[in-house]
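Visitor: Below are the structure tokens for one structure; questions will follow.
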Amino acid sequence: MKIASFNINGIKARINALTEWLAAANPDLVVLQEIKTIDEGFPTDHFADLGYNVETHGQKGFNGVAILSKLPLEDVTCGLPGDDADEQARYIEATVVGERAVRVAGLYLPNGNPAPGPKYDYKLAWMERLRLRAAELLKTEMPVVMLGDFNIIPEPRDAAEPGEWVKDALFLPESRAAFRRIAAQGWTDAIRSRDPFGTRGPFTFWDFQAGAWRRDNGIRIDHLMLSPQAADILIECGVDKEVRAGEKPSDHVPVWVDIAA
DNA sequence: ATGGTAGTCTTACTA
């Protein structure tokens, strides 16, 4: 079962790029971030015609997450538990049943800039809520794939120019510690696990500004976190870097994992 | 110190 994550930065602007990537990569399930539309504005019928079941958790103008899945989705829940007053659409979970049931948690973690400030406080509070939810997911002892745009650069080797990020919410020590605290519950960072001693990249995001793509000034912020039961059945994973060179690209590229499920 | 680019349904805000 091939499970992917793609921050598309606006479904209206990215419908062609997403459709082309789906045809090329043929994922069984993909979680999307930054759909930037309300549920009613999502082109559900278009993706249904391509053979995908569609679940959306949208919001007007900003944020918004979704799941496209060839296999039926069960027990879909929208929103990260822990704050009923949080109106930002950044989290969706579902169970997908192939040869066995897999719980998928798709997330768009707050950016947090500028730091310090209220946006950074929201990021850290959101990560604490995610830590609690992640612990609950591990308790199920199901294969769980928790994936999406984490807006976290875990280590200096995950940035082409780490020095440019030292005051950024994506790389501040407190951000990285919060991410590490979740990972240390028992999650495997799939991409890093395939190249544990790698010294640079692979990157998943290149800013639209300042020629970042041309200069390969990227960062790795889209992550595939596997529960122990999911890590045990890991076959392969990857980053579809070539998508960034396509027509009207997102600033992120897809990341994917293939598991025996 | 600043700017650089892209998306949304704003004429600002987010990233």
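Chain labels A, B, ... are given in the sequence in which chains occur in the structure tokens; within each chain residues are numbered consecutively from 1, and ligands are likewise numbered from 1 in the order shown.
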Identify all chain A residues at most 7 Å from chain B by counting only C-alpha atoms (C1' of nucleotides); ligands do not count. Present them as a ChimeraX atom specification.
Guide: /A:10,61,208-210
Visitor: Using only N, CA and C atoms, please write the residues we just selected to a file, as a PDB file, in the first residue's frame.
Guide:
```pdb
ATOM      1  N   GLY A  10      -2.896  25.150  -2.330  1.00  0.00           N
ATOM      2  CA  GLY A  10      -4.037  25.657  -3.097  1.00  0.00           C
ATOM      3  C   GLY A  10      -4.534  24.659  -4.130  1.00  0.00           C
ATOM      4  N   GLY A  61      -9.944  29.958   2.435  1.00  0.00           N
ATOM      5  CA  GLY A  61      -8.762  30.746   2.150  1.00  0.00           C
ATOM      6  C   GLY A  61      -7.429  30.194   2.603  1.00  0.00           C
ATOM      7  N   PHE A 208       9.388  29.656  -2.919  1.00  0.00           N
ATOM      8  CA  PHE A 208       9.175  30.310  -4.212  1.00  0.00           C
ATOM      9  C   PHE A 208      10.126  31.488  -4.392  1.00  0.00           C
ATOM     10  N   GLN A 209      10.619  32.030  -3.277  1.00  0.00           N
ATOM     11  CA  GLN A 209      11.381  33.284  -3.330  1.00  0.00           C
ATOM     12  C   GLN A 209      12.883  33.039  -3.480  1.00  0.00           C
ATOM     13  N   ALA A 210      13.521  34.061  -4.001  1.00  0.00           N
ATOM     14  CA  ALA A 210      14.985  34.151  -3.997  1.00  0.00           C
ATOM     15  C   ALA A 210      15.670  32.992  -4.716  1.00  0.00           C
TER      16      ALA A 210
END
```
Visitor: Among segment 50-197 of chain A, which residues does DSSP mark as alpha helix (DSSP H) when it is run on the backbone? Keep the chain and numbering as in the structure and answer as a ChimeraX atom specification.
Guide: /A:118-139,173-183,190-193
Visitor: Check the DSSP output for the backbone and give back, as an NGL selection string, the residues of segment 25-182 of chain A in strand (DSSP E or B).
Guide: :A and (29-33 or 53-57 or 65-69 or 73-78 or 91-97 or 101-108 or 144-149 or 159)
Visitor: Only C-alpha atoms, please: the residues just picked out, written as a PDB file, in the first residue's frame.
Guide:
```pdb
ATOM      1  CA  LEU A  29      -3.781   7.022  -0.574  1.00  0.00           C
ATOM      2  CA  VAL A  30      -2.556  10.605  -0.375  1.00  0.00           C
ATOM      3  CA  VAL A  31      -3.043  13.179   2.359  1.00  0.00           C
ATOM      4  CA  LEU A  32      -3.109  16.754   1.116  1.00  0.00           C
ATOM      5  CA  GLN A  33      -2.286  19.953   2.981  1.00  0.00           C
ATOM      6  CA  ASN A  53     -12.632   8.321  -2.382  1.00  0.00           C
ATOM      7  CA  VAL A  54     -12.372  11.880  -1.068  1.00  0.00           C
ATOM      8  CA  GLU A  55     -12.569  13.235   2.478  1.00  0.00           C
ATOM      9  CA  THR A  56     -11.981  16.929   3.108  1.00  0.00           C
ATOM     10  CA  HIS A  57     -11.502  19.107   6.168  1.00  0.00           C
ATOM     11  CA  VAL A  65      -6.418  19.071   4.655  1.00  0.00           C
ATOM     12  CA  ALA A  66      -7.871  16.168   2.690  1.00  0.00           C
ATOM     13  CA  ILE A  67      -7.481  12.465   1.969  1.00  0.00           C
ATOM     14  CA  LEU A  68      -7.748  10.797  -1.432  1.00  0.00           C
ATOM     15  CA  SER A  69      -7.910   6.994  -1.247  1.00  0.00           C
ATOM     16  CA  LEU A  73     -11.996   4.996   4.280  1.00  0.00           C
ATOM     17  CA  GLU A  74     -13.464   4.185   7.670  1.00  0.00           C
ATOM     18  CA  ASP A  75     -13.719   6.054  10.968  1.00  0.00           C
ATOM     19  CA  VAL A  76     -12.785   9.427   9.479  1.00  0.00           C
ATOM     20  CA  THR A  77     -12.219  12.135  12.089  1.00  0.00           C
ATOM     21  CA  CYS A  78     -11.447  15.783  11.436  1.00  0.00           C
ATOM     22  CA  TYR A  91      -5.688  17.474  10.900  1.00  0.00           C
ATOM     23  CA  ILE A  92      -7.560  14.457   9.565  1.00  0.00           C
ATOM     24  CA  GLU A  93      -7.472  10.753  10.440  1.00  0.00           C
ATOM     25  CA  ALA A  94      -8.918   7.703   8.756  1.00  0.00           C
ATOM     26  CA  THR A  95      -8.555   3.942   8.648  1.00  0.00           C
ATOM     27  CA  VAL A  96      -7.823   2.355   5.285  1.00  0.00           C
ATOM     28  CA  VAL A  97      -8.159  -1.388   4.834  1.00  0.00           C
ATOM     29  CA  ALA A 101      -6.120  -2.079   8.473  1.00  0.00           C
ATOM     30  CA  VAL A 102      -3.846   0.963   8.652  1.00  0.00           C
ATOM     31  CA  ARG A 103      -4.607   4.154  10.574  1.00  0.00           C
ATOM     32  CA  VAL A 104      -3.518   7.272   8.698  1.00  0.00           C
ATOM     33  CA  ALA A 105      -3.096  10.676  10.367  1.00  0.00           C
ATOM     34  CA  GLY A 106      -2.629  13.559   7.930  1.00  0.00           C
ATOM     35  CA  LEU A 107      -1.455  16.855   9.392  1.00  0.00           C
ATOM     36  CA  TYR A 108      -0.504  20.415   8.540  1.00  0.00           C
ATOM     37  CA  VAL A 144      -0.116   3.876  11.919  1.00  0.00           C
ATOM     38  CA  VAL A 145       1.303   6.320   9.379  1.00  0.00           C
ATOM     39  CA  MET A 146       1.381   9.898  10.725  1.00  0.00           C
ATOM     40  CA  LEU A 147       2.414  12.117   7.859  1.00  0.00           C
ATOM     41  CA  GLY A 148       2.224  15.568   6.412  1.00  0.00           C
ATOM     42  CA  ASP A 149       3.792  19.006   6.474  1.00  0.00           C
ATOM     43  CA  ALA A 159      18.566  22.164   5.391  1.00  0.00           C
TER      44      ALA A 159
END
```
Visitor: Hey, what's within 12 Å of Thr199 of chain A if we count only C-alpha atoms (C1' of nucleotides) and toss same-chain stuff fewer than 6 positions away? As a list in words, please?
Guide: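 Near Thr199 of chain A, the qualifying residues are Glu155, Pro156, Arg157, Asp158, Ala159, Ala160 and Arg192 of chain A.
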Visitor: Identify which of the residues A:Phe171, A:Asn151, A:Gly238, A:Asp83 lies closest to Asp195 of chain A, counting only C-alpha atoms when measuring atom-to-atom distances.
Guide: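 Checking each of A:Phe171, A:Asn151, A:Gly238, A:Asp83 against Asp195 of chain A, counting only C-alpha atoms, the winner is A:Gly238.
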Visitor: Near segment 226-235 of chain A, within 9 Å and counting only C-alpha atoms (C1' of nucleotides), which residues show up once chain neighbours fewer than 6 positions away are dropped, as number ranges by chain?
Guide: A: 102, 137-138, 141-147, 186-190, 257-261
Visitor: Any chance you could export the current selection's N, CA and C atoms as a PDB file, in the first residue's frame?
Guide:
```pdb
ATOM      1  N   VAL A 102      -4.885  -0.019   8.326  1.00  0.00           N
ATOM      2  CA  VAL A 102      -3.846   0.963   8.652  1.00  0.00           C
ATOM      3  C   VAL A 102      -4.531   2.269   9.058  1.00  0.00           C
ATOM      4  N   LEU A 137      -2.453   6.992  19.490  1.00  0.00           N
ATOM      5  CA  LEU A 137      -2.367   6.170  18.272  1.00  0.00           C
ATOM      6  C   LEU A 137      -1.428   4.979  18.481  1.00  0.00           C
ATOM      7  N   LEU A 138      -0.321   5.205  19.177  1.00  0.00           N
ATOM      8  CA  LEU A 138       0.616   4.094  19.419  1.00  0.00           C
ATOM      9  C   LEU A 138      -0.018   3.017  20.295  1.00  0.00           C
ATOM     10  N   GLU A 141      -1.644  -0.172  18.800  1.00  0.00           N
ATOM     11  CA  GLU A 141      -0.786  -1.232  18.263  1.00  0.00           C
ATOM     12  C   GLU A 141      -1.172  -1.617  16.844  1.00  0.00           C
ATOM     13  N   MET A 142      -1.828  -0.696  16.147  1.00  0.00           N
ATOM     14  CA  MET A 142      -2.083  -0.857  14.709  1.00  0.00           C
ATOM     15  C   MET A 142      -0.868  -0.327  13.957  1.00  0.00           C
ATOM     16  N   PRO A 143      -0.713  -0.714  12.687  1.00  0.00           N
ATOM     17  CA  PRO A 143       0.181   0.079  11.850  1.00  0.00           C
ATOM     18  C   PRO A 143      -0.425   1.478  11.681  1.00  0.00           C
ATOM     19  N   VAL A 144       0.340   2.495  12.059  1.00  0.00           N
ATOM     20  CA  VAL A 144      -0.116   3.876  11.919  1.00  0.00           C
ATOM     21  C   VAL A 144       0.913   4.648  11.097  1.00  0.00           C
ATOM     22  N   VAL A 145       0.445   5.402  10.129  1.00  0.00           N
ATOM     23  CA  VAL A 145       1.303   6.320   9.379  1.00  0.00           C
ATOM     24  C   VAL A 145       0.815   7.732   9.690  1.00  0.00           C
ATOM     25  N   MET A 146       1.672   8.502  10.369  1.00  0.00           N
ATOM     26  CA  MET A 146       1.381   9.898  10.725  1.00  0.00           C
ATOM     27  C   MET A 146       2.248  10.757   9.808  1.00  0.00           C
ATOM     28  N   LEU A 147       1.616  11.471   8.898  1.00  0.00           N
ATOM     29  CA  LEU A 147       2.414  12.117   7.859  1.00  0.00           C
ATOM     30  C   LEU A 147       1.824  13.467   7.470  1.00  0.00           C
ATOM     31  N   GLY A 186       8.368   6.443  19.864  1.00  0.00           N
ATOM     32  CA  GLY A 186       8.526   5.174  19.175  1.00  0.00           C
ATOM     33  C   GLY A 186       8.252   5.244  17.686  1.00  0.00           C
ATOM     34  N   TRP A 187       8.226   6.473  17.142  1.00  0.00           N
ATOM     35  CA  TRP A 187       7.966   6.657  15.718  1.00  0.00           C
ATOM     36  C   TRP A 187       9.259   6.572  14.912  1.00  0.00           C
ATOM     37  N   THR A 188       9.164   6.004  13.728  1.00  0.00           N
ATOM     38  CA  THR A 188      10.287   5.949  12.797  1.00  0.00           C
ATOM     39  C   THR A 188      10.092   6.994  11.705  1.00  0.00           C
ATOM     40  N   ASP A 189      11.064   7.880  11.561  1.00  0.00           N
ATOM     41  CA  ASP A 189      11.106   8.857  10.464  1.00  0.00           C
ATOM     42  C   ASP A 189      11.560   8.067   9.227  1.00  0.00           C
ATOM     43  N   ALA A 190      10.576   7.702   8.374  1.00  0.00           N
ATOM     44  CA  ALA A 190      10.845   6.728   7.312  1.00  0.00           C
ATOM     45  C   ALA A 190      11.983   7.174   6.403  1.00  0.00           C
ATOM     46  N   VAL A 257       5.488   6.466   1.118  1.00  0.00           N
ATOM     47  CA  VAL A 257       5.982   5.237   1.742  1.00  0.00           C
ATOM     48  C   VAL A 257       5.153   4.073   1.227  1.00  0.00           C
ATOM     49  N   ASP A 258       5.840   2.963   0.951  1.00  0.00           N
ATOM     50  CA  ASP A 258       5.153   1.736   0.547  1.00  0.00           C
ATOM     51  C   ASP A 258       5.279   0.737   1.688  1.00  0.00           C
ATOM     52  N   ILE A 259       4.148   0.275   2.197  1.00  0.00           N
ATOM     53  CA  ILE A 259       4.162  -0.704   3.287  1.00  0.00           C
ATOM     54  C   ILE A 259       3.392  -1.952   2.869  1.00  0.00           C
ATOM     55  N   ALA A 260       3.768  -3.078   3.463  1.00  0.00           N
ATOM     56  CA  ALA A 260       3.120  -4.356   3.126  1.00  0.00           C
ATOM     57  C   ALA A 260       1.812  -4.464   3.893  1.00  0.00           C
ATOM     58  N   ALA A 261       0.798  -3.816   3.400  1.00  0.00           N
ATOM     59  CA  ALA A 261      -0.522  -3.819   4.054  1.00  0.00           C
ATOM     60  C   ALA A 261      -1.619  -3.720   2.993  1.00  0.00           C
TER      61      ALA A 261
END
```
Visitor: Near Pro27 of chain A, within 9 Å and counting only C-alpha atoms (C1' of nucleotides), which residues show up once chain neighbours fewer than 5 positions away are dropped, as a list in words?
Guide: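 In the requested form, the answer reads Met1, Lys2, Ile3, Ala4, Leu22, Ser69, Lys70, Trp256 and Asp258 of chain A.
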Visitor: Distance atom CA of Val255 of chain A-atom CA of Ser175 of chain A, one decimal place?
Guide: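 So the two atoms, atom CA of Val255 of chain A and atom CA of Ser175 of chain A, lie 21.5 Å apart.
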Visitor: List the neighbours of segment 119-131 of chain A out to 10 Å using only C-alpha atoms (C1' of nucleotides); skip same-chain residues closer than 5 positions along the sequence, and give me the result as a ChimeraX atom specification.
Guide: /A:80-83,86,90-91,107,109-114,136-137,150-151,168-170,174-175,178-179,181-183,185
Visitor: Report, in Å with one decimal, the straight-line distance from atom CA of Glu247 of chain A to atom CA of Ala13 of chain A.
Guide: 11.0 Å
